[in-house]
file model.cif (mmCIF, C-alpha atoms and all ligand atoms)
data_run
#
loop_
_atom_site.label_atom_id
_atom_site.label_comp_id
_atom_site.auth_asym_id
_atom_site.auth_seq_id
_atom_site.Cartn_x
_atom_site.Cartn_y
_atom_site.Cartn_z
CA MET H 53 -217.86 7.82 -117.12
CA ALA H 54 -214.76 6.81 -119.09
CA ARG H 55 -213.25 3.47 -118.19
CA ILE H 56 -209.70 3.41 -116.87
CA ASN H 57 -206.97 0.86 -117.51
CA GLU H 58 -207.44 -1.13 -114.32
CA ASN H 59 -204.08 -2.79 -114.71
CA TYR H 60 -202.62 0.38 -113.21
CA LEU H 61 -204.48 -0.37 -110.00
CA LYS H 62 -202.49 -3.59 -109.66
CA LEU H 63 -199.20 -1.68 -109.40
CA LYS H 64 -197.58 -1.77 -106.00
CA ALA H 65 -197.08 1.56 -104.19
CA GLY H 66 -195.16 4.18 -106.12
CA TYR H 67 -192.39 3.64 -108.63
CA LEU H 68 -189.30 2.87 -106.54
CA PHE H 69 -187.33 6.08 -107.02
CA PRO H 70 -190.17 8.55 -106.38
CA GLU H 71 -190.94 6.52 -103.24
CA ILE H 72 -187.35 6.97 -102.05
CA ALA H 73 -187.54 10.68 -102.84
CA ARG H 74 -190.75 10.94 -100.82
CA ARG H 75 -189.11 9.38 -97.76
CA VAL H 76 -185.97 11.48 -98.11
CA ASN H 77 -188.01 14.68 -98.46
CA GLY H 78 -189.88 13.78 -95.30
CA PHE H 79 -186.58 13.27 -93.46
CA VAL H 80 -185.12 16.55 -94.75
CA GLU H 81 -188.25 18.45 -93.71
CA SER H 82 -187.84 17.34 -90.13
CA ASN H 83 -184.01 17.57 -90.23
CA PRO H 84 -183.36 20.70 -92.28
CA ASP H 85 -179.68 20.87 -91.30
CA ALA H 86 -178.82 17.35 -92.42
CA ALA H 87 -176.52 17.35 -95.48
CA VAL H 88 -177.95 14.24 -97.09
CA ILE H 89 -175.74 12.43 -99.63
CA LYS H 90 -177.75 10.59 -102.27
CA LEU H 91 -176.40 7.34 -103.63
CA GLY H 92 -179.88 6.13 -104.49
CA ILE H 93 -180.96 6.64 -108.06
CA GLY H 94 -178.27 6.02 -110.65
CA ASP H 95 -178.16 9.57 -111.93
CA VAL H 96 -174.93 11.02 -113.25
CA THR H 97 -173.42 14.09 -111.57
CA GLU H 98 -170.47 15.10 -113.75
CA PRO H 99 -170.89 17.61 -116.60
CA LEU H 100 -171.13 16.62 -120.25
CA PRO H 101 -167.74 15.97 -121.90
CA PRO H 102 -166.37 19.05 -123.72
CA ALA H 103 -166.42 17.41 -127.18
CA ILE H 104 -170.16 16.82 -126.75
CA VAL H 105 -170.83 20.33 -125.46
CA GLU H 106 -168.91 21.77 -128.41
CA ALA H 107 -170.92 19.71 -130.92
CA MET H 108 -174.17 20.77 -129.30
CA HIS H 109 -173.17 24.45 -129.35
CA ALA H 110 -172.39 24.15 -133.06
CA ALA H 111 -175.77 22.48 -133.61
CA VAL H 112 -177.54 25.32 -131.78
CA ASP H 113 -175.82 27.77 -134.13
CA GLU H 114 -177.03 25.72 -137.11
CA MET H 115 -180.56 25.93 -135.78
CA ALA H 116 -180.20 29.72 -135.59
CA SER H 117 -179.76 30.13 -139.31
CA ARG H 118 -182.35 29.58 -142.08
CA ASP H 119 -179.79 27.73 -144.26
CA SER H 120 -178.87 25.12 -141.70
CA PHE H 121 -182.07 24.99 -139.63
CA HIS H 122 -183.63 21.54 -138.99
CA GLY H 123 -187.31 20.85 -138.50
CA TYR H 124 -188.62 17.30 -137.97
CA GLY H 125 -185.86 14.77 -138.40
CA PRO H 126 -186.23 11.09 -139.31
CA GLU H 127 -188.11 9.36 -136.48
CA GLN H 128 -185.49 6.59 -136.43
CA GLY H 129 -182.65 9.05 -135.95
CA TYR H 130 -180.35 11.00 -138.27
CA ALA H 131 -178.13 8.93 -140.55
CA PHE H 132 -175.02 10.59 -139.09
CA LEU H 133 -175.81 9.11 -135.68
CA ARG H 134 -177.14 5.71 -136.80
CA ASP H 135 -174.08 5.26 -139.01
CA ALA H 136 -171.72 6.25 -136.20
CA ILE H 137 -173.41 3.76 -133.84
CA ALA H 138 -173.36 0.93 -136.40
CA GLU H 139 -169.73 1.57 -137.24
CA ASN H 140 -168.36 2.09 -133.72
CA ASP H 141 -170.47 -0.13 -131.50
CA TYR H 142 -171.02 -2.98 -133.93
CA LYS H 143 -169.22 -3.26 -137.30
CA GLY H 144 -165.93 -2.00 -135.83
CA ARG H 145 -166.19 -4.80 -133.28
CA GLY H 146 -166.93 -7.44 -135.89
CA ILE H 147 -170.69 -7.47 -135.30
CA ASN H 148 -172.95 -7.40 -138.31
CA ILE H 149 -175.57 -4.81 -137.30
CA GLY H 150 -176.57 -2.21 -139.89
CA ALA H 151 -177.65 1.41 -139.42
CA ASP H 152 -181.19 0.49 -140.52
CA GLU H 153 -181.48 -1.88 -137.56
CA ILE H 154 -180.75 0.96 -135.10
CA PHE H 155 -183.54 3.17 -133.74
CA VAL H 156 -182.50 6.31 -131.90
CA SER H 157 -184.77 7.30 -129.01
CA ASP H 158 -184.91 9.45 -125.91
CA GLY H 159 -184.14 6.67 -123.46
CA SER H 160 -183.82 2.98 -122.75
CA LYS H 161 -186.36 3.25 -119.94
CA CYS H 162 -188.97 4.31 -122.51
CA ASP H 163 -187.84 1.75 -125.08
CA THR H 164 -187.85 -1.22 -122.71
CA GLY H 165 -191.41 -0.28 -121.79
CA ASN H 166 -192.62 0.65 -125.27
CA ILE H 167 -191.28 -2.52 -126.89
CA LEU H 168 -194.27 -4.39 -125.46
CA ASP H 169 -196.52 -2.53 -127.94
CA ILE H 170 -195.36 -4.83 -130.74
CA PHE H 171 -195.80 -8.11 -128.86
CA GLY H 172 -198.97 -10.02 -128.09
CA SER H 173 -200.49 -10.14 -124.65
CA ASP H 174 -200.31 -13.91 -124.27
CA ASN H 175 -196.54 -14.28 -124.13
CA THR H 176 -194.90 -15.81 -121.07
CA VAL H 177 -192.48 -13.24 -119.68
CA ALA H 178 -189.38 -13.95 -117.59
CA VAL H 179 -187.49 -11.39 -115.52
CA GLN H 180 -184.45 -11.51 -113.29
CA ASP H 181 -185.19 -10.94 -109.61
CA PRO H 182 -184.01 -8.40 -108.40
CA VAL H 183 -184.90 -6.46 -111.50
CA TYR H 184 -185.00 -2.94 -112.94
CA PRO H 185 -188.63 -2.18 -111.97
CA VAL H 186 -189.59 -0.78 -115.38
CA TYR H 187 -189.62 -4.24 -116.99
CA VAL H 188 -192.12 -5.54 -114.47
CA ASP H 189 -194.31 -2.46 -114.13
CA THR H 190 -194.75 -2.03 -117.88
CA ASN H 191 -195.89 -5.65 -118.16
CA VAL H 192 -198.38 -5.03 -115.38
CA MET H 193 -199.66 -1.89 -117.15
CA ALA H 194 -200.02 -3.86 -120.38
CA GLY H 195 -202.20 -6.42 -118.62
CA HIS H 196 -199.69 -9.27 -118.89
CA THR H 197 -199.96 -10.22 -115.22
CA GLY H 198 -202.40 -10.98 -112.47
CA PRO H 199 -202.33 -9.15 -109.14
CA ALA H 200 -199.25 -9.04 -106.89
CA GLY H 201 -199.00 -11.60 -104.10
CA ASP H 202 -197.83 -10.92 -100.55
CA ASP H 203 -194.22 -11.26 -101.65
CA GLY H 204 -194.79 -8.51 -104.23
CA ARG H 205 -194.49 -10.89 -107.15
CA TYR H 206 -197.09 -10.61 -109.87
CA GLU H 207 -199.03 -13.67 -110.96
CA GLY H 208 -198.13 -14.80 -114.42
CA LEU H 209 -194.55 -13.53 -114.56
CA VAL H 210 -191.64 -15.97 -114.34
CA TYR H 211 -189.13 -14.67 -111.78
CA MET H 212 -185.54 -15.83 -112.02
CA PRO H 213 -183.86 -15.29 -108.62
CA CYS H 214 -180.35 -13.81 -108.66
CA THR H 215 -178.73 -14.08 -105.25
CA ALA H 216 -175.27 -14.57 -103.79
CA GLU H 217 -175.98 -18.31 -103.80
CA ASN H 218 -176.09 -18.46 -107.61
CA ASP H 219 -173.52 -15.71 -108.10
CA PHE H 220 -176.36 -13.43 -109.27
CA THR H 221 -176.59 -15.51 -112.44
CA PRO H 222 -180.08 -16.94 -112.86
CA ALA H 223 -180.73 -20.49 -113.94
CA ILE H 224 -182.21 -20.89 -117.42
CA PRO H 225 -185.97 -21.46 -116.93
CA GLU H 226 -187.14 -25.04 -117.03
CA GLN H 227 -190.36 -24.09 -118.76
CA LYS H 228 -190.71 -22.39 -122.13
CA VAL H 229 -190.86 -18.59 -121.88
CA ASP H 230 -191.43 -16.27 -124.82
CA LEU H 231 -189.90 -12.97 -123.71
CA ILE H 232 -186.83 -12.77 -121.47
CA TYR H 233 -185.44 -9.57 -119.97
CA LEU H 234 -181.71 -9.68 -119.32
CA CYS H 235 -179.73 -6.70 -118.06
CA TYR H 236 -175.90 -6.87 -118.23
CA PRO H 237 -173.91 -5.39 -116.58
CA ASN H 238 -176.78 -5.83 -114.20
CA ASN H 239 -178.82 -3.17 -112.54
CA PRO H 240 -179.04 -3.53 -109.54
CA THR H 241 -176.53 -6.31 -108.68
CA GLY H 242 -173.60 -5.15 -110.80
CA ALA H 243 -173.10 -8.74 -112.03
CA VAL H 244 -171.91 -9.43 -115.56
CA ALA H 245 -172.64 -12.29 -117.94
CA SER H 246 -169.76 -14.30 -119.36
CA ARG H 247 -169.71 -15.30 -123.01
CA GLU H 248 -170.73 -18.85 -121.99
CA THR H 249 -173.68 -17.58 -119.97
CA LEU H 250 -174.90 -15.41 -122.83
CA LYS H 251 -174.43 -18.27 -125.26
CA SER H 252 -176.60 -20.51 -123.11
CA TRP H 253 -179.35 -17.85 -123.18
CA VAL H 254 -179.08 -17.45 -126.95
CA ASP H 255 -179.17 -21.24 -127.40
CA TYR H 256 -182.25 -21.43 -125.18
CA ALA H 257 -183.98 -18.58 -127.04
CA LEU H 258 -183.26 -20.09 -130.46
CA ALA H 259 -184.45 -23.53 -129.35
CA ASN H 260 -187.65 -22.13 -127.80
CA GLU H 261 -188.31 -19.38 -130.37
CA SER H 262 -188.13 -16.84 -127.53
CA ILE H 263 -186.94 -13.26 -127.76
CA ILE H 264 -184.39 -11.78 -125.36
CA PHE H 265 -184.67 -8.10 -124.42
CA PHE H 266 -181.04 -7.33 -123.68
CA ASP H 267 -180.51 -4.14 -121.70
CA ALA H 268 -176.88 -3.10 -122.16
CA ALA H 269 -177.21 0.44 -120.78
CA TYR H 270 -174.13 -0.11 -118.61
CA GLU H 271 -171.86 -1.84 -121.14
CA ALA H 272 -169.31 1.02 -121.04
CA PHE H 273 -168.48 0.04 -117.47
CA ILE H 274 -167.18 -3.41 -118.41
CA THR H 275 -163.52 -3.59 -117.40
CA ASP H 276 -163.00 -7.31 -117.84
CA GLU H 277 -161.99 -7.93 -121.45
CA SER H 278 -163.54 -11.37 -121.64
CA ILE H 279 -167.06 -10.03 -120.98
CA PRO H 280 -169.21 -9.31 -124.09
CA HIS H 281 -170.47 -5.73 -124.50
CA SER H 282 -173.28 -6.74 -126.83
CA ILE H 283 -175.46 -9.82 -127.04
CA TYR H 284 -174.77 -9.81 -130.77
CA GLU H 285 -171.23 -10.94 -129.99
CA ILE H 286 -172.90 -14.34 -129.58
CA GLU H 287 -173.60 -16.19 -132.79
CA GLY H 288 -177.27 -16.39 -133.68
CA ALA H 289 -178.32 -13.57 -131.32
CA GLU H 290 -179.56 -11.46 -134.25
CA LYS H 291 -182.29 -14.08 -134.63
CA CYS H 292 -183.45 -13.91 -131.02
CA ALA H 293 -182.52 -10.62 -129.35
CA ILE H 294 -183.33 -6.93 -129.18
CA GLU H 295 -180.63 -4.78 -127.58
CA PHE H 296 -181.11 -1.52 -125.66
CA ARG H 297 -178.26 0.95 -125.30
CA SER H 298 -178.04 4.45 -123.93
CA PHE H 299 -175.84 7.53 -123.79
CA SER H 300 -177.15 8.25 -120.27
CA LYS H 301 -174.57 6.56 -118.12
CA ASN H 302 -171.43 6.63 -120.27
CA ALA H 303 -171.76 10.14 -121.77
CA GLY H 304 -173.76 11.73 -118.94
CA PHE H 305 -177.02 12.07 -120.90
CA THR H 306 -179.56 11.35 -118.13
CA GLY H 307 -180.81 14.91 -118.46
CA THR H 308 -179.99 15.29 -122.14
CA ARG H 309 -181.81 12.14 -123.31
CA CYS H 310 -180.51 9.93 -126.08
CA ALA H 311 -180.47 6.16 -126.45
CA PHE H 312 -180.96 3.54 -129.12
CA THR H 313 -182.54 0.17 -129.63
CA VAL H 314 -181.29 -2.47 -132.03
CA VAL H 315 -183.95 -4.56 -133.75
CA PRO H 316 -182.24 -6.89 -136.23
CA LYS H 317 -183.94 -7.64 -139.53
CA ALA H 318 -183.40 -11.35 -138.95
CA LEU H 319 -185.63 -11.32 -135.86
CA GLU H 320 -189.05 -12.93 -136.31
CA GLY H 321 -192.22 -13.55 -134.35
CA LYS H 322 -195.46 -15.39 -135.02
CA THR H 323 -199.08 -14.41 -135.56
CA ALA H 324 -201.83 -16.23 -133.67
CA SER H 325 -202.40 -18.36 -136.77
CA GLY H 326 -198.74 -19.38 -136.80
CA GLU H 327 -197.51 -17.18 -139.64
CA THR H 328 -193.93 -15.94 -139.26
CA LYS H 329 -193.41 -12.18 -139.48
CA PRO H 330 -190.32 -9.95 -139.16
CA ILE H 331 -190.24 -7.82 -136.01
CA GLN H 332 -188.16 -4.89 -137.29
CA PRO H 333 -190.92 -3.39 -139.52
CA LEU H 334 -193.32 -3.47 -136.54
CA TRP H 335 -190.93 -1.49 -134.35
CA ASN H 336 -190.26 0.87 -137.24
CA ARG H 337 -194.00 1.41 -137.60
CA ARG H 338 -194.47 1.93 -133.86
CA HIS H 339 -191.54 4.31 -133.62
CA SER H 340 -192.67 6.39 -136.63
CA THR H 341 -196.23 6.61 -135.36
CA LYS H 342 -195.72 7.33 -131.68
CA PHE H 343 -192.35 9.09 -131.65
CA ASN H 344 -191.05 12.12 -133.51
CA GLY H 345 -187.34 11.72 -133.07
CA VAL H 346 -184.68 13.03 -130.71
CA SER H 347 -183.75 16.68 -131.24
CA TYR H 348 -181.07 17.46 -133.82
CA ILE H 349 -178.95 19.21 -131.19
CA VAL H 350 -178.97 16.20 -128.89
CA GLN H 351 -178.20 13.76 -131.71
CA LYS H 352 -175.25 15.92 -132.75
CA GLY H 353 -174.03 15.72 -129.16
CA ALA H 354 -174.47 11.94 -129.11
CA ALA H 355 -172.57 11.56 -132.39
CA ALA H 356 -169.67 13.51 -130.88
CA ALA H 357 -169.38 10.70 -128.32
CA TYR H 358 -167.76 8.71 -131.14
CA SER H 359 -165.16 11.33 -132.12
CA ALA H 360 -161.60 10.70 -130.99
CA ALA H 361 -161.87 13.42 -128.33
CA GLY H 362 -165.36 12.29 -127.32
CA ARG H 363 -164.23 8.73 -126.84
CA GLU H 364 -161.28 9.76 -124.73
CA GLN H 365 -163.43 12.04 -122.55
CA ILE H 366 -166.14 9.43 -122.11
CA GLY H 367 -163.49 6.91 -121.14
CA GLU H 368 -162.33 9.33 -118.46
CA LEU H 369 -165.85 9.83 -117.17
CA VAL H 370 -166.47 6.09 -116.93
CA ARG H 371 -163.12 5.59 -115.16
CA PHE H 372 -164.07 8.35 -112.72
CA TYR H 373 -167.31 6.60 -111.72
CA LEU H 374 -165.56 3.23 -111.56
CA GLU H 375 -163.02 4.72 -109.17
CA ASN H 376 -165.95 5.91 -107.04
CA ALA H 377 -167.25 2.36 -107.14
CA ARG H 378 -163.89 1.02 -106.00
CA LEU H 379 -163.77 3.50 -103.09
CA LEU H 380 -167.25 2.52 -102.01
CA ARG H 381 -166.60 -1.19 -102.38
CA GLU H 382 -163.35 -1.14 -100.44
CA GLY H 383 -164.62 1.30 -97.83
CA LEU H 384 -167.62 -0.89 -97.13
CA GLU H 385 -165.53 -4.03 -97.01
CA LYS H 386 -163.35 -2.38 -94.37
CA ALA H 387 -166.50 -1.85 -92.37
CA GLY H 388 -167.13 -5.59 -92.55
CA ILE H 389 -169.86 -5.44 -95.16
CA THR H 390 -170.19 -8.15 -97.81
CA VAL H 391 -170.12 -6.35 -101.13
CA TYR H 392 -170.82 -7.39 -104.73
CA GLY H 393 -170.69 -5.57 -108.06
CA GLY H 394 -168.89 -2.28 -108.58
CA VAL H 395 -166.12 -3.72 -110.77
CA ASN H 396 -167.79 -3.87 -114.18
CA ALA H 397 -170.74 -1.73 -113.17
CA PRO H 398 -171.47 1.56 -111.40
CA TYR H 399 -173.57 -0.19 -108.74
CA ILE H 400 -172.47 -1.69 -105.43
CA TRP H 401 -174.77 -4.41 -104.18
CA LEU H 402 -174.32 -5.22 -100.52
CA LYS H 403 -175.71 -7.57 -97.94
CA THR H 404 -177.39 -5.60 -95.19
CA PRO H 405 -175.53 -5.99 -91.89
CA GLY H 406 -177.09 -8.22 -89.27
CA GLY H 407 -179.63 -9.50 -91.79
CA LEU H 408 -181.65 -6.27 -91.59
CA LYS H 409 -184.59 -5.90 -93.96
CA SER H 410 -183.71 -3.67 -96.88
CA TRP H 411 -186.11 -0.82 -95.98
CA ASP H 412 -185.02 -0.96 -92.31
CA PHE H 413 -181.41 -0.56 -93.41
CA PHE H 414 -182.52 2.33 -95.64
CA ASP H 415 -183.99 4.07 -92.59
CA THR H 416 -180.93 3.32 -90.42
CA LEU H 417 -178.54 4.71 -92.99
CA LEU H 418 -180.67 7.80 -93.51
CA GLN H 419 -181.13 8.48 -89.80
CA LYS H 420 -177.59 7.71 -88.64
CA GLY H 421 -175.48 8.60 -91.67
CA HIS H 422 -177.73 10.96 -93.64
CA LEU H 423 -177.04 8.65 -96.57
CA VAL H 424 -179.50 7.48 -99.20
CA GLY H 425 -179.26 4.19 -101.05
CA THR H 426 -181.81 1.92 -102.69
CA PRO H 427 -183.40 -0.95 -100.74
CA GLY H 428 -182.79 -4.25 -102.54
CA SER H 429 -186.36 -5.39 -101.92
CA GLY H 430 -187.53 -2.46 -104.06
CA PHE H 431 -186.09 -4.37 -107.01
CA GLY H 432 -187.90 -7.61 -106.18
CA ALA H 433 -188.44 -10.26 -103.53
CA ALA H 434 -185.00 -11.81 -104.10
CA GLY H 435 -183.44 -8.39 -103.33
CA GLU H 436 -184.66 -8.52 -99.71
CA GLY H 437 -181.71 -8.27 -97.35
CA TYR H 438 -179.64 -6.47 -99.96
CA PHE H 439 -179.03 -2.78 -100.65
CA ARG H 440 -177.75 -0.83 -103.67
CA LEU H 441 -175.37 2.12 -103.67
CA SER H 442 -174.78 4.10 -106.84
CA ALA H 443 -171.26 5.25 -107.74
CA PHE H 444 -172.64 8.21 -109.67
CA ASN H 445 -171.60 11.12 -107.50
CA SER H 446 -168.78 13.59 -106.93
CA ARG H 447 -165.52 12.25 -105.47
CA ALA H 448 -165.94 14.41 -102.37
CA ASN H 449 -169.42 13.01 -101.72
CA VAL H 450 -168.27 9.43 -102.23
CA GLU H 451 -165.36 9.86 -99.80
CA GLU H 452 -167.62 11.50 -97.26
CA ALA H 453 -170.23 8.78 -97.77
CA VAL H 454 -167.68 6.04 -97.04
CA GLU H 455 -166.72 7.72 -93.76
CA ARG H 456 -170.32 8.23 -92.73
CA PHE H 457 -171.20 4.67 -93.69
CA GLN H 458 -168.38 3.29 -91.54
CA LYS H 459 -169.52 5.42 -88.57
CA ALA H 460 -173.20 4.65 -89.05
CA ILE H 461 -172.80 0.91 -88.97
CA GLY H 462 -169.73 0.79 -86.69
C1 LIG H 501 -181.43 3.37 -111.50
O1 LIG H 501 -181.11 4.02 -110.52
O2 LIG H 501 -181.72 2.18 -111.45
C2 LIG H 501 -181.44 4.08 -112.81
O3 LIG H 501 -181.24 5.43 -112.67
C3 LIG H 501 -182.68 3.85 -113.47
C4 LIG H 501 -182.72 4.40 -114.83
O4 LIG H 501 -181.69 4.51 -115.50
O5 LIG H 501 -183.83 4.69 -115.26
#
call {"tool": "encode", "arguments": {"input": "model.cif", "output": "structure tokens", "more": "lines below"}}
Ligand code: MLT
result
Amino acid sequence: MARINENYLKLKAGYLFPEIARRVNGFVESNPDAAVIKLGIGDVTEPLPPAIVEAMHAAVDEMASRDSFHGYGPEQGYAFLRDAIAENDYKGRGINIGADEIFVSDGSKCDTGNILDIFGSDNTVAVQDPVYPVYVDTNVMAGHTGPAGDDGRYEGLVYMPCTAENDFTPAIPEQKVDLIYLCYPNNPTGAVASRETLKSWVDYALANESIIFFDAAYEAFITDESIPHSIYEIEGAEKCAIEFRSFSKNAGFTGTRCAFTVVPKALEGKTASGETKPIQPLWNRRHSTKFNGVSYIVQKGAAAAYSAAGREQIGELVRFYLENARLLREGLEKAGITVYGGVNAPYIWLKTPGGLKSWDFFDTLLQKGHLVGTPGSGFGAAGEGYFRLSAFNSRANVEEAVERFQKAIG
């Protein structure tokens, strides 16, 4: 019989969001009349901006004609998109990242998992706690951890607690770690990292020859001008960081699929014998071997995000979700709930009332308010006693959710 990858057997229960869906489906089956409002998974609800739709329609027409048809594209992404990203997200902001350091993909979830392919299995890995579960689960799958303990934490990973007590900003590890996952604006807490905080991480990484995996999928939601959008705004970061960005949350691409990962040419790692090697060619090799590129039509849509009209429309979309976040935040505060996040991020992170366990609060909210959120403990042990609400929804649903929330916990 074929052997399986037993690391998968170490994984706790289901992946968080399918587990929530399972519970909600169970509830809906026994309460078919309940109009459940879902503020659980951070999935966008508003349609694609018109400039993007127009570009995609034009691309479909190109595909319909022999003269302008496209077969396989470059695995790394078409030059028109890589150039637009380099110019708009980096060079135009004074950051020296070139198009050949940008790798277009179908999602940051995939990239943050796949990146482990090019790193050895004996690295010490640090994650924020609470954490986007993909970082942890993909390390478990890759065999980088031991089993999970009673608190759900896997042996071998370094967990960096982020709680109200430290303003959701983890302390720099005392020991040397090789790979560090940082997500800012943070999923799930909605916290942001100041320039000083990011600089202290870059200084640590340079001093310890570590690499930071910087997930900036929510950078478009930054409203505070002093907060960096990219880790490369910090001097030296091109020598110690890989950045993940996505069109999912700003341009509404969760169902359309387009993202990119920046692997700077200056970034290096070591072989077991201590030889220094550049990382970028390894990712290029991995990407070209295991990935065949994002569709031409989708990349044309993503490129339109950088047109004048596209930028304006995306700005509107982001402001719409941020207004939802404000309504949720203020509505919950009125109900006496302690709320964090939701200012520079589309997530509201709240303390469960009466110190309820996160999953108990999930059940209460579902039963009494027909509302779905995400239990903080699903993101890690330090998320226990917290709860996440997503601002990605229609205005009507958000307003209704605030009312129901106030009634349910009143
Ligand atoms: C979330 O709800 O945390 C996000 O939807 C996850 C993701 O973007 O994959």
call {"tool": "residues_around", "arguments": {"input": "model.cif", "residues": "Gly435 of chain H", "least_positions_apart": "2", "cutoff": "12 Å", "atoms": "all atoms listed in the file", "output": "compact mmCIF listing (two decimals) with C-alpha atoms, in the coordinates of the input"}}
result
# COMPACT_ATOMS: atom_id res chain seq x y z
CA GLN H 180 -184.45 -11.51 -113.29
CA ASP H 181 -185.19 -10.94 -109.61
CA PRO H 182 -184.01 -8.40 -108.40
CA VAL H 183 -184.90 -6.46 -111.50
CA TYR H 184 -185.00 -2.94 -112.94
CA PRO H 185 -188.63 -2.18 -111.97
CA ASP H 203 -194.22 -11.26 -101.65
CA GLY H 204 -194.79 -8.51 -104.23
CA ARG H 205 -194.49 -10.89 -107.15
CA TYR H 211 -189.13 -14.67 -111.78
CA MET H 212 -185.54 -15.83 -112.02
CA PRO H 213 -183.86 -15.29 -108.62
CA CYS H 214 -180.35 -13.81 -108.66
CA THR H 215 -178.73 -14.08 -105.25
CA ALA H 216 -175.27 -14.57 -103.79
CA PHE H 220 -176.36 -13.43 -109.27
CA ASN H 239 -178.82 -3.17 -112.54
CA PRO H 240 -179.04 -3.53 -109.54
CA THR H 241 -176.53 -6.31 -108.68
CA TRP H 401 -174.77 -4.41 -104.18
CA LEU H 402 -174.32 -5.22 -100.52
CA LYS H 403 -175.71 -7.57 -97.94
CA THR H 404 -177.39 -5.60 -95.19
CA LYS H 409 -184.59 -5.90 -93.96
CA SER H 410 -183.71 -3.67 -96.88
CA TRP H 411 -186.11 -0.82 -95.98
CA THR H 426 -181.81 1.92 -102.69
CA PRO H 427 -183.40 -0.95 -100.74
CA GLY H 428 -182.79 -4.25 -102.54
CA SER H 429 -186.36 -5.39 -101.92
CA GLY H 430 -187.53 -2.46 -104.06
CA PHE H 431 -186.09 -4.37 -107.01
CA GLY H 432 -187.90 -7.61 -106.18
CA ALA H 433 -188.44 -10.26 -103.53
CA GLY H 437 -181.71 -8.27 -97.35
CA TYR H 438 -179.64 -6.47 -99.96
CA PHE H 439 -179.03 -2.78 -100.65
CA ARG H 440 -177.75 -0.83 -103.67
call {"tool": "residues_near_ligand", "arguments": {"input": "model.cif", "ligand": "ligand LIG 501 (chain H)", "cutoff": "8 Å", "atoms": "all atoms listed in the file", "output": "PyMOL selection string"}}
result
chain H and resi 69+92-95+160-161+184+186+239-240+300-301+306+442
call {"tool": "atom_distance", "arguments": {"input": "model.cif", "atom1": "atom CA of Phe414 of chain H", "atom2": "atom CA of Pro199 of chain H"}}
result
26.6 Å
call {"tool": "atom_distance", "arguments": {"input": "model.cif", "atom1": "atom CA of Ala361 of chain H", "atom2": "atom CA of Ala136 of chain H"}}
result
14.5 Å
call {"tool": "residues_around", "arguments": {"input": "model.cif", "residues": "Asp230 of chain H", "least_positions_apart": "6", "cutoff": "7 Å", "atoms": "all atoms listed in the file", "output": "list of chain:residue names"}}
result
H:Asn175, H:Thr176, H:Val177, H:Ser262, H:Ile263
call {"tool": "atom_distance", "arguments": {"input": "model.cif", "atom1": "atom CA of Glu127 of chain H", "atom2": "atom CA of Gly353 of chain H"}}
result
17.1 Å
call {"tool": "closest_residue", "arguments": {"input": "model.cif", "among": "H:Asn396, H:Asn166, H:Asn302, H:Gln227", "to": "Glu368 of chain H", "atoms": "all atoms listed in the file"}}
result
H:Asn302
call {"tool": "closest_residue", "arguments": {"input": "model.cif", "among": "H:Gly288, H:Pro70, H:Gly208, H:Gly172", "to": "Asn148 of chain H", "atoms": "only C-alpha atoms"}}
result
H:Gly288
call {"tool": "closest_residue", "arguments": {"input": "model.cif", "among": "H:Gly198, H:Pro222, H:Gly78, H:Gly123", "to": "Leu250 of chain H", "atoms": "only C-alpha atoms"}}
result
H:Pro222
call {"tool": "residues_around", "arguments": {"input": "model.cif", "residues": "Lys322 of chain H", "least_positions_apart": "6", "cutoff": "10 Å", "atoms": "all atoms listed in the file", "output": "ChimeraX atom specification"}}
result
/H:171-172,261,328-331
call {"tool": "closest_residue", "arguments": {"input": "model.cif", "among": "H:Ala259, H:Val192, H:Lys291, H:Ala311", "to": "Asn57 of chain H", "atoms": "all atoms listed in the file"}}
result
H:Val192
call {"tool": "residues_around", "arguments": {"input": "model.cif", "residues": "Ala194 of chain H", "least_positions_apart": "2", "cutoff": "12 Å", "atoms": "only C-alpha atoms", "output": "CSV table (one decimal) with C-alpha atoms, keeping the file's coordinate frame"}}
result
chain,number,residue,atom,x,y,z
H,57,ASN,CA,-207.0,0.9,-117.5
H,58,GLU,CA,-207.4,-1.1,-114.3
H,59,ASN,CA,-204.1,-2.8,-114.7
H,60,TYR,CA,-202.6,0.4,-113.2
H,61,LEU,CA,-204.5,-0.4,-110.0
H,62,LYS,CA,-202.5,-3.6,-109.7
H,63,LEU,CA,-199.2,-1.7,-109.4
H,165,GLY,CA,-191.4,-0.3,-121.8
H,166,ASN,CA,-192.6,0.6,-125.3
H,167,ILE,CA,-191.3,-2.5,-126.9
H,168,LEU,CA,-194.3,-4.4,-125.5
H,169,ASP,CA,-196.5,-2.5,-127.9
H,170,ILE,CA,-195.4,-4.8,-130.7
H,171,PHE,CA,-195.8,-8.1,-128.9
H,172,GLY,CA,-199.0,-10.0,-128.1
H,173,SER,CA,-200.5,-10.1,-124.6
H,174,ASP,CA,-200.3,-13.9,-124.3
H,175,ASN,CA,-196.5,-14.3,-124.1
H,186,VAL,CA,-189.6,-0.8,-115.4
H,187,TYR,CA,-189.6,-4.2,-117.0
H,188,VAL,CA,-192.1,-5.5,-114.5
H,189,ASP,CA,-194.3,-2.5,-114.1
H,190,THR,CA,-194.8,-2.0,-117.9
H,191,ASN,CA,-195.9,-5.6,-118.2
H,192,VAL,CA,-198.4,-5.0,-115.4
H,196,HIS,CA,-199.7,-9.3,-118.9
H,197,THR,CA,-200.0,-10.2,-115.2
H,198,GLY,CA,-202.4,-11.0,-112.5
call {"tool": "closest_residue", "arguments": {"input": "model.cif", "among": "H:Phe121, H:Phe273, H:Phe299, H:Phe79", "to": "Ala377 of chain H", "atoms": "all atoms listed in the file"}}
result
H:Phe273
